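Data first, discussion second: the structure below is written as structure tokens.
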Amino acid sequence: MCELIDDLKDIKLVIFDLDGVIYRGSALIHGVENIIKHLKNLAIRVVFNSNNSTLTRQMYVDKLKKLNIECSSDDIYTSASITAEEITKLKSKANIYVIGEKGLKEELRAKGHQICDHVRNFRNIDYVIVGLDRDFNYKKLAIAQNCISQGHAQFYAANADATLPDEGRQLPGAGCMVAALNVCTSQKPIHIFGKPSPMGIERILEKNNTYNNEAAIFGDRLDTDILAGNRAKIKTVLVLTGVTTREQITTLKENLENIDNNIFPTMIINSLDEIFIKKM
Ligand SMILES: [Mg+2]
């Protein structure tokens, strides 16, 4: 039986980011499925938290299953599912115009909201919600702009990532769509629900009856995973299997001006197997 290293010995809940921690693109990172099994054997609750709003939680369950990782949709939290929960607290059965893909639309629909793809009257729209939309175009932007500027819709975003990791390269992220709407409405989103907002992690702790000092987030990005974890006051572990390198952290530490100290993790590890005393 493997034991967790001393720095993590009180951990009862592990929150894994997905891309760059569990898989890269469509390939599982070596040995990850065994690490998850060992954590479960130690009675540690394992959940996944992705900022990518394009897939539904069930689509993530299916994707992980293909990679030999068994989980249920209750183990998956995405910026889309967190957005849907939070919007529902503001209003039930809202009329929403979405710039985004299936994941965001389905999560909102599942909470009883009406997704208005064809807007006849801008004034009927309660919220414009923006996530990554790989079919983003001028027409969608114009509708969203009019719902906000001509109507009374409130502007929210699932996430505002600048880039999207895709099979070893970086593509434009949801932040580009958020910025476009910001420019033409002169409004910023009232809230961006994904990381680095601590809101998703706070909900995860609440749902799993876990205290801050019993939880850790494992992520590969400083400005989303680690910042969100530090803001939520849980342990933050940067894993160097994704986009961040040790050199980048050294450079950041040498230029601390204008840098939020919360982007620095509690721990840095090269790969997930370093969390166990006995290496597998
Ligand atoms: Mg990542």
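So you can find residues: chains in the structure tokens are A, B, ... in the order shown, residues in each start at 1, and ligands are numbered from 1 in order.
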
Residue contacts of Ile263 (chain A) (6 Å, only C-alpha atoms) excluding same-chain residues fewer than 4 positions away, as a PDB file with N, CA and C atoms, in the first residue's frame:
```pdb
ATOM      1  N   LEU A 222      -0.579  28.183 -13.553  1.00  0.00           N
ATOM      2  CA  LEU A 222      -0.484  29.049 -12.377  1.00  0.00           C
ATOM      3  C   LEU A 222      -1.658  30.014 -12.295  1.00  0.00           C
ATOM      4  N   ASP A 223      -2.030  30.615 -13.449  1.00  0.00           N
ATOM      5  CA  ASP A 223      -3.019  31.711 -13.419  1.00  0.00           C
ATOM      6  C   ASP A 223      -4.465  31.226 -13.389  1.00  0.00           C
ATOM      7  N   ILE A 226      -3.804  27.112  -9.916  1.00  0.00           N
ATOM      8  CA  ILE A 226      -3.110  27.432  -8.664  1.00  0.00           C
ATOM      9  C   ILE A 226      -3.715  28.686  -8.019  1.00  0.00           C
ATOM     10  N   LEU A 227      -3.989  29.696  -8.827  1.00  0.00           N
ATOM     11  CA  LEU A 227      -4.597  30.923  -8.300  1.00  0.00           C
ATOM     12  C   LEU A 227      -5.961  30.618  -7.661  1.00  0.00           C
TER      13      LEU A 227
END
```

Test item, alpha helix (DSSP H) assignment across region 2-146 of chain A, answer as a compact mmCIF listing (two decimals) with N, CA and C atoms, in the first residue's frame:
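Done, and the output landed in part39.txt:
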```txt
# COMPACT_ATOMS: atom_id res chain seq x y z
N VAL A 32 -1.13 7.58 -14.71
CA VAL A 32 -2.15 8.32 -13.96
C VAL A 32 -3.28 7.42 -13.44
N GLU A 33 -3.68 6.41 -14.24
CA GLU A 33 -4.81 5.58 -13.80
C GLU A 33 -4.46 4.83 -12.51
N ASN A 34 -3.19 4.42 -12.35
CA ASN A 34 -2.79 3.74 -11.11
C ASN A 34 -2.77 4.69 -9.92
N ILE A 35 -2.36 5.92 -10.18
CA ILE A 35 -2.32 6.92 -9.09
C ILE A 35 -3.73 7.15 -8.55
N ILE A 36 -4.70 7.24 -9.46
CA ILE A 36 -6.08 7.46 -9.03
C ILE A 36 -6.58 6.24 -8.24
N LYS A 37 -6.23 5.04 -8.69
CA LYS A 37 -6.62 3.82 -7.95
C LYS A 37 -6.03 3.84 -6.54
N HIS A 38 -4.75 4.19 -6.45
CA HIS A 38 -4.10 4.22 -5.13
C HIS A 38 -4.75 5.25 -4.21
N LEU A 39 -5.10 6.40 -4.75
CA LEU A 39 -5.77 7.43 -3.93
C LEU A 39 -7.10 6.89 -3.42
N LYS A 40 -7.85 6.23 -4.30
CA LYS A 40 -9.15 5.68 -3.89
C LYS A 40 -8.97 4.59 -2.84
N ASN A 41 -7.93 3.78 -2.99
CA ASN A 41 -7.63 2.76 -1.98
C ASN A 41 -7.34 3.36 -0.61
N ARG A 57 -20.62 17.05 -18.65
CA ARG A 57 -19.92 16.19 -17.68
C ARG A 57 -19.96 14.73 -18.14
N GLN A 58 -21.08 14.32 -18.74
CA GLN A 58 -21.16 12.93 -19.23
C GLN A 58 -20.13 12.68 -20.33
N MET A 59 -19.89 13.69 -21.18
CA MET A 59 -18.89 13.52 -22.23
C MET A 59 -17.49 13.37 -21.62
N TYR A 60 -17.24 14.05 -20.50
CA TYR A 60 -15.95 13.85 -19.81
C TYR A 60 -15.87 12.45 -19.20
N VAL A 61 -16.99 11.97 -18.62
CA VAL A 61 -17.02 10.60 -18.06
C VAL A 61 -16.64 9.61 -19.15
N ASP A 62 -17.24 9.78 -20.33
CA ASP A 62 -16.98 8.87 -21.45
C ASP A 62 -15.53 8.97 -21.92
N LYS A 63 -15.01 10.20 -21.97
CA LYS A 63 -13.63 10.41 -22.41
C LYS A 63 -12.65 9.73 -21.42
N LEU A 64 -12.93 9.89 -20.12
CA LEU A 64 -12.04 9.30 -19.10
C LEU A 64 -12.14 7.77 -19.11
N LYS A 65 -13.34 7.27 -19.35
CA LYS A 65 -13.54 5.82 -19.40
C LYS A 65 -12.68 5.20 -20.51
N LYS A 66 -12.62 5.87 -21.64
CA LYS A 66 -11.79 5.39 -22.75
C LYS A 66 -10.31 5.36 -22.35
N SER A 79 -16.33 24.40 -15.88
CA SER A 79 -16.78 25.80 -15.77
C SER A 79 -18.22 25.90 -16.23
N ALA A 80 -18.66 25.00 -17.11
CA ALA A 80 -20.06 25.01 -17.57
C ALA A 80 -21.00 24.55 -16.46
N SER A 81 -20.66 23.46 -15.76
CA SER A 81 -21.56 22.96 -14.71
C SER A 81 -21.60 23.93 -13.54
N ILE A 82 -20.48 24.55 -13.24
CA ILE A 82 -20.44 25.52 -12.13
C ILE A 82 -21.26 26.77 -12.51
N THR A 83 -21.11 27.21 -13.77
CA THR A 83 -21.90 28.35 -14.26
C THR A 83 -23.39 28.04 -14.15
N ALA A 84 -23.80 26.84 -14.60
CA ALA A 84 -25.22 26.48 -14.58
C ALA A 84 -25.76 26.50 -13.15
N GLU A 85 -24.98 25.99 -12.19
CA GLU A 85 -25.42 25.99 -10.78
C GLU A 85 -25.59 27.40 -10.25
N GLU A 86 -24.60 28.24 -10.55
CA GLU A 86 -24.62 29.59 -9.98
C GLU A 86 -25.71 30.45 -10.62
N ILE A 87 -25.92 30.29 -11.94
CA ILE A 87 -26.96 31.08 -12.62
C ILE A 87 -28.35 30.68 -12.08
N THR A 88 -28.50 29.39 -11.77
CA THR A 88 -29.78 28.91 -11.25
C THR A 88 -30.10 29.53 -9.89
N LYS A 89 -29.03 29.85 -9.12
CA LYS A 89 -29.26 30.52 -7.83
C LYS A 89 -29.78 31.94 -8.04
N LEU A 90 -29.38 32.56 -9.19
CA LEU A 90 -29.82 33.93 -9.48
C LEU A 90 -31.26 33.95 -9.98
N LYS A 102 -21.82 22.77 -26.85
CA LYS A 102 -22.77 21.83 -26.27
C LYS A 102 -22.69 21.75 -24.73
N GLY A 103 -21.46 21.69 -24.22
CA GLY A 103 -21.28 21.53 -22.77
C GLY A 103 -22.01 22.61 -21.99
N LEU A 104 -21.81 23.85 -22.37
CA LEU A 104 -22.41 24.97 -21.66
C LEU A 104 -23.93 24.98 -21.85
N LYS A 105 -24.37 24.78 -23.10
CA LYS A 105 -25.81 24.81 -23.37
C LYS A 105 -26.54 23.69 -22.64
N GLU A 106 -25.97 22.47 -22.68
CA GLU A 106 -26.65 21.32 -22.05
C GLU A 106 -26.70 21.44 -20.53
N GLU A 107 -25.62 21.93 -19.94
CA GLU A 107 -25.61 22.07 -18.47
C GLU A 107 -26.66 23.09 -18.04
N LEU A 108 -26.83 24.17 -18.82
CA LEU A 108 -27.84 25.19 -18.49
C LEU A 108 -29.24 24.63 -18.71
N ARG A 109 -29.42 23.90 -19.82
CA ARG A 109 -30.73 23.29 -20.11
C ARG A 109 -31.12 22.31 -19.00
N ALA A 110 -30.14 21.52 -18.55
CA ALA A 110 -30.41 20.52 -17.50
C ALA A 110 -30.91 21.16 -16.21
N TYR A 138 -19.45 36.79 -36.30
CA TYR A 138 -19.93 38.17 -36.16
C TYR A 138 -21.40 38.21 -35.76
N LYS A 139 -22.20 37.31 -36.36
CA LYS A 139 -23.64 37.30 -36.08
C LYS A 139 -23.92 37.01 -34.60
N LYS A 140 -23.22 36.00 -34.07
CA LYS A 140 -23.40 35.66 -32.65
C LYS A 140 -23.00 36.83 -31.75
N LEU A 141 -21.89 37.47 -32.12
CA LEU A 141 -21.40 38.61 -31.33
C LEU A 141 -22.43 39.74 -31.36
N ALA A 142 -23.00 39.99 -32.54
CA ALA A 142 -23.99 41.08 -32.69
C ALA A 142 -25.25 40.79 -31.86
N ILE A 143 -25.70 39.53 -31.86
CA ILE A 143 -26.89 39.19 -31.06
C ILE A 143 -26.59 39.41 -29.57
N ALA A 144 -25.43 38.89 -29.13
CA ALA A 144 -25.06 39.03 -27.72
C ALA A 144 -24.95 40.51 -27.34
N GLN A 145 -24.34 41.30 -28.22
CA GLN A 145 -24.19 42.74 -27.97
C GLN A 145 -25.56 43.40 -27.81
N ASN A 146 -26.49 43.05 -28.70
CA ASN A 146 -27.81 43.67 -28.66
C ASN A 146 -28.61 43.24 -27.44
```

Using only C-alpha atoms and all ligand atoms, I'd like a table of the residues in chain A that come within 12 Å of ligand 1; for each, show the closest atom pair and its distance in Å rounded to one decimal, ordered by chain and ascending number, as CSV.
```
residue,atom,partner,partner_atom_place_in_ligand_line,distance
A:Ile15,CA,ligand 1,1 (Mg),12.0
A:Phe16,CA,ligand 1,1 (Mg),9.0
A:Asp17,CA,ligand 1,1 (Mg),5.5
A:Leu18,CA,ligand 1,1 (Mg),5.6
A:Asp19,CA,ligand 1,1 (Mg),4.1
A:Gly20,CA,ligand 1,1 (Mg),4.6
A:Val21,CA,ligand 1,1 (Mg),6.3
A:Ile22,CA,ligand 1,1 (Mg),8.7
A:Tyr23,CA,ligand 1,1 (Mg),8.9
A:Arg24,CA,ligand 1,1 (Mg),8.7
A:Gly25,CA,ligand 1,1 (Mg),10.3
A:Phe48,CA,ligand 1,1 (Mg),10.9
A:Asn49,CA,ligand 1,1 (Mg),9.4
A:Ser50,CA,ligand 1,1 (Mg),7.4
A:Asn51,CA,ligand 1,1 (Mg),8.1
A:Asn52,CA,ligand 1,1 (Mg),9.2
A:Asp161,CA,ligand 1,1 (Mg),10.6
A:Thr163,CA,ligand 1,1 (Mg),10.8
A:Leu164,CA,ligand 1,1 (Mg),9.2
A:Pro165,CA,ligand 1,1 (Mg),7.9
A:Asp166,CA,ligand 1,1 (Mg),10.9
A:Gln170,CA,ligand 1,1 (Mg),11.8
A:Lys195,CA,ligand 1,1 (Mg),10.6
A:Ile217,CA,ligand 1,1 (Mg),11.3
A:Phe218,CA,ligand 1,1 (Mg),9.2
A:Gly219,CA,ligand 1,1 (Mg),5.9
A:Asp220,CA,ligand 1,1 (Mg),5.0
A:Arg221,CA,ligand 1,1 (Mg),5.9
A:Leu222,CA,ligand 1,1 (Mg),9.5
A:Asp223,CA,ligand 1,1 (Mg),10.5
A:Thr224,CA,ligand 1,1 (Mg),8.5
A:Asp225,CA,ligand 1,1 (Mg),7.5
A:Ile226,CA,ligand 1,1 (Mg),10.4
A:Leu238,CA,ligand 1,1 (Mg),10.1
A:Val239,CA,ligand 1,1 (Mg),9.4
A:Leu240,CA,ligand 1,1 (Mg),10.4
A:Thr241,CA,ligand 1,1 (Mg),9.2
A:Gly242,CA,ligand 1,1 (Mg),6.5
A:Val243,CA,ligand 1,1 (Mg),7.3
A:Thr244,CA,ligand 1,1 (Mg),9.4
```

- Based on DSSP run over this structure's backbone, return all residues of region 65-181 of chain A in strand (DSSP E or B), as a ChimeraX atom specification. /A:76-78,95-99,114-115,127-130,154-157,163-166,169-172

May I have the residues within 8 Å of region 117-133 of chain A as a PDB file with C-alpha atoms, in the first residue's frame, using only C-alpha atoms and disregarding those fewer than 3 positions away in the same chain?
```
ATOM      1  CA  ASN A  52     -13.168  23.818 -20.641  1.00  0.00           C
ATOM      2  CA  SER A  53     -16.914  24.406 -21.091  1.00  0.00           C
ATOM      3  CA  THR A  54     -17.323  22.702 -24.482  1.00  0.00           C
ATOM      4  CA  ALA A  80     -20.058  25.013 -17.570  1.00  0.00           C
ATOM      5  CA  ALA A  94     -34.071  32.075 -17.281  1.00  0.00           C
ATOM      6  CA  ASN A  95     -33.936  32.968 -20.988  1.00  0.00           C
ATOM      7  CA  ILE A  96     -30.285  32.767 -21.952  1.00  0.00           C
ATOM      8  CA  TYR A  97     -28.305  33.591 -25.066  1.00  0.00           C
ATOM      9  CA  VAL A  98     -25.152  31.472 -25.107  1.00  0.00           C
ATOM     10  CA  ILE A  99     -21.953  32.039 -27.017  1.00  0.00           C
ATOM     11  CA  GLY A 100     -20.578  28.573 -26.389  1.00  0.00           C
ATOM     12  CA  GLU A 101     -20.794  24.911 -27.264  1.00  0.00           C
ATOM     13  CA  LEU A 104     -22.409  24.974 -21.659  1.00  0.00           C
ATOM     14  CA  PHE A 136     -17.882  31.971 -32.963  1.00  0.00           C
ATOM     15  CA  ILE A 143     -26.885  39.185 -31.060  1.00  0.00           C
ATOM     16  CA  ALA A 144     -25.060  39.035 -27.718  1.00  0.00           C
ATOM     17  CA  ASN A 146     -27.814  43.673 -28.665  1.00  0.00           C
ATOM     18  CA  CYS A 147     -29.169  41.528 -25.819  1.00  0.00           C
ATOM     19  CA  ILE A 148     -26.913  43.494 -23.455  1.00  0.00           C
ATOM     20  CA  GLN A 150     -30.481  47.155 -26.449  1.00  0.00           C
ATOM     21  CA  GLY A 151     -32.102  44.760 -23.995  1.00  0.00           C
ATOM     22  CA  HIS A 152     -31.398  44.263 -20.294  1.00  0.00           C
ATOM     23  CA  ALA A 153     -29.402  41.005 -20.385  1.00  0.00           C
ATOM     24  CA  GLN A 154     -26.622  40.578 -17.815  1.00  0.00           C
ATOM     25  CA  PHE A 155     -23.212  39.435 -19.047  1.00  0.00           C
ATOM     26  CA  TYR A 156     -21.542  36.399 -17.418  1.00  0.00           C
ATOM     27  CA  ALA A 157     -18.738  34.090 -18.573  1.00  0.00           C
ATOM     28  CA  ALA A 158     -17.921  30.420 -17.941  1.00  0.00           C
ATOM     29  CA  ASN A 159     -14.197  31.149 -18.197  1.00  0.00           C
ATOM     30  CA  ALA A 160     -11.813  33.611 -19.746  1.00  0.00           C
ATOM     31  CA  GLY A 173      -9.497  30.316 -25.686  1.00  0.00           C
ATOM     32  CA  ALA A 174     -12.864  31.553 -24.360  1.00  0.00           C
ATOM     33  CA  GLY A 175     -11.200  34.779 -23.188  1.00  0.00           C
ATOM     34  CA  MET A 177     -14.886  35.739 -27.089  1.00  0.00           C
ATOM     35  CA  VAL A 178     -15.301  37.438 -23.702  1.00  0.00           C
TER      36      VAL A 178
END
```

- Could you name the residues that touch Tyr211 (chain A) at 10 Å or less, counting only C-alpha atoms, but leaving out those on the same chain fewer than 6 positions away, as a PyMOL selection string? chain A and resi 11-13+202+205+233-234

Store the residues picked out above in a file with N, CA, C and O atoms, as an mmCIF file, in the first residue's frame.
```cif
data_model
loop_
_atom_site.group_PDB
_atom_site.id
_atom_site.type_symbol
_atom_site.label_atom_id
_atom_site.label_comp_id
_atom_site.auth_asym_id
_atom_site.auth_seq_id
_atom_site.Cartn_x
_atom_site.Cartn_y
_atom_site.Cartn_z
ATOM 1 N N ILE A 11 -4.769 15.085 3.525
ATOM 2 C CA ILE A 11 -5.684 15.319 2.401
ATOM 3 C C ILE A 11 -6.744 14.215 2.285
ATOM 4 O O ILE A 11 -6.427 13.025 2.282
ATOM 5 N N LYS A 12 -8.009 14.660 2.195
ATOM 6 C CA LYS A 12 -9.130 13.709 2.041
ATOM 7 C C LYS A 12 -9.817 13.879 0.686
ATOM 8 O O LYS A 12 -10.633 13.042 0.287
ATOM 9 N N LEU A 13 -9.533 15.011 0.020
ATOM 10 C CA LEU A 13 -10.161 15.299 -1.271
ATOM 11 C C LEU A 13 -9.106 15.838 -2.231
ATOM 12 O O LEU A 13 -8.389 16.790 -1.905
ATOM 13 N N GLU A 202 -14.931 26.126 -4.013
ATOM 14 C CA GLU A 202 -15.764 26.263 -2.805
ATOM 15 C C GLU A 202 -17.000 25.360 -2.895
ATOM 16 O O GLU A 202 -17.380 24.721 -1.907
ATOM 17 N N LEU A 205 -15.888 21.725 -2.283
ATOM 18 C CA LEU A 205 -15.674 21.457 -0.847
ATOM 19 C C LEU A 205 -17.010 21.264 -0.139
ATOM 20 O O LEU A 205 -17.190 20.322 0.648
ATOM 21 N N LYS A 233 -8.137 28.801 -0.523
ATOM 22 C CA LYS A 233 -7.378 28.424 0.682
ATOM 23 C C LYS A 233 -7.248 26.906 0.863
ATOM 24 O O LYS A 233 -7.380 26.363 1.963
ATOM 25 N N ILE A 234 -6.992 26.224 -0.268
ATOM 26 C CA ILE A 234 -6.669 24.798 -0.176
ATOM 27 C C ILE A 234 -5.209 24.620 -0.619
ATOM 28 O O ILE A 234 -4.597 25.565 -1.118
#
```

- Message: When you count only C-alpha atoms, which of these residues is closest to Ser197 (chain A): A:Lys91, A:Thr250, A:Ala228, A:Asn261?
- Response: A:Ala228

- Rounded to one decimal in Å, what is the spacing between CA of Met199 (chain A) and CA of Ala232 (chain A)? 7.7 Å
